[in-house]
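**Student:** I have a structure I would like to understand better, so I am pasting it below and will then ask my questions one at a time.
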Amino acid sequence: MDQIEWIRLPRKRNKTSITRTLALKNAVVIAGALLLLISVAAHAAPDKKDKPQGRLLYGKVLDPQDNPVAGAIVYLTNTRTHAVKTYIVGQEGTYRFPGLSTVDYEVYAQYNGHKSDTKSVSQFDDRPQVYIDLKITDVKNDAR
């Protein structure tokens, strides 16, 4: 008896079927790449609680005898944008400028028309906290 052998011929696909299959494969590859990229980016991003939130500039405003000058105004200028922040000094003579970005700053104090020397804070100074005393040399004791 003769046996019939069946040969399976490859299925003919039309161009639309091939295009859909390739598009689906490309979509799966792109989705996988995006998922990988997002997971790597999320892992590489530092946690905000581990990163300091900018620099802190602080110090005291002093008279020639190193006494605090209450009521003095401290001026902080961003040398890139020329934005100015001010701080009115309390009884202890201290001032604080937290959360500063890493750019160059100039700082000085003024009291009753008398001014301290201007000090600079460089963008290359990588300390998270910068302490600067500002001395107003022309302050008269009777003026306070």
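Numbering starts fresh at 1 for the residues of each chain in the structure tokens, the chains themselves are lettered A, B, ... in the order given, and ligands are numbered from 1 as they appear.
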Report as a list in words all protein, DNA and RNA residues lying within 8 Å of A:Leu56, evaluated on only C-alpha atoms, omitting residues in the same chain fewer than 4 positions from it.

**Tutor:**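 Counting only the stated atoms, we get Arg96, Phe97, Pro98, Gly99, Leu100, Pro128, Gln129 and Val130 of chain A.
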
**Student:** Would you please give, as a PyMOL selection string, all residues of stretch 8-140 of chain A that DSSP assigns to helix (DSSP H, G or I) based on the backbone?

**Tutor:** chain A and resi 15-44

**Student:** Considering only C-alpha atoms, return as a list in words whatever protein or nucleic-acid residues lie within 7 Å of A:Thr86, sequence-local ones (same chain, fewer than 5 positions apart) excluded.

**Tutor:** Ile73, Val74, Tyr75 and Leu76 of chain A

**Student:** Leaving out A:Lys60 and any residue of its chain fewer than 5 positions from it, which residues lie within 8 Å of it when counting only C-alpha atoms, given as a count of residues only?

**Tutor:** 8

**Student:** Work out how far apart atom CA of A:Lys135 and atom CA of A:Lys85 are and give it in Å to one decimal.

**Tutor:**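 One can read the atom CA of A:Lys135 to atom CA of A:Lys85 distance as 18.8 Å.
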
**Student:** Which residues are close to A:Ser116, i.e. within 6 Å by only C-alpha atoms, leaving aside same-chain residues fewer than 2 positions away? Reply as a PyMOL selection string.

**Tutor:** chain A and resi 108-109+135-136

**Student:** Quick one: pull the distance between atom CA of A:Val61 and atom CA of A:Ser122, Å, one decimal.

**Tutor:** 20.2 Å

**Student:** Would you work out the distance separating atom CA of A:Val84 from atom CA of A:Asp104, expressed in Å to one decimal?

**Tutor:**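 That distance, rounded to one decimal, is 12.4 Å.
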
**Student:** Would you please work out which residue, of A:Leu22, A:Ile38, A:Ala72, A:Ile88, is nearest to A:Tyr111 when using only C-alpha atoms?

**Tutor:**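 Counting only C-alpha atoms, the residue closest to A:Tyr111 is A:Ala72.
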
**Student:** Looking at A:Ala83, A:Asp126, A:Gly90, A:Val29, which one is nearest to A:Val107, with distances taken over only C-alpha atoms?

**Tutor:**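 Of A:Ala83, A:Asp126, A:Gly90, A:Val29, the one nearest A:Val107, counting only C-alpha atoms, is A:Ala83.
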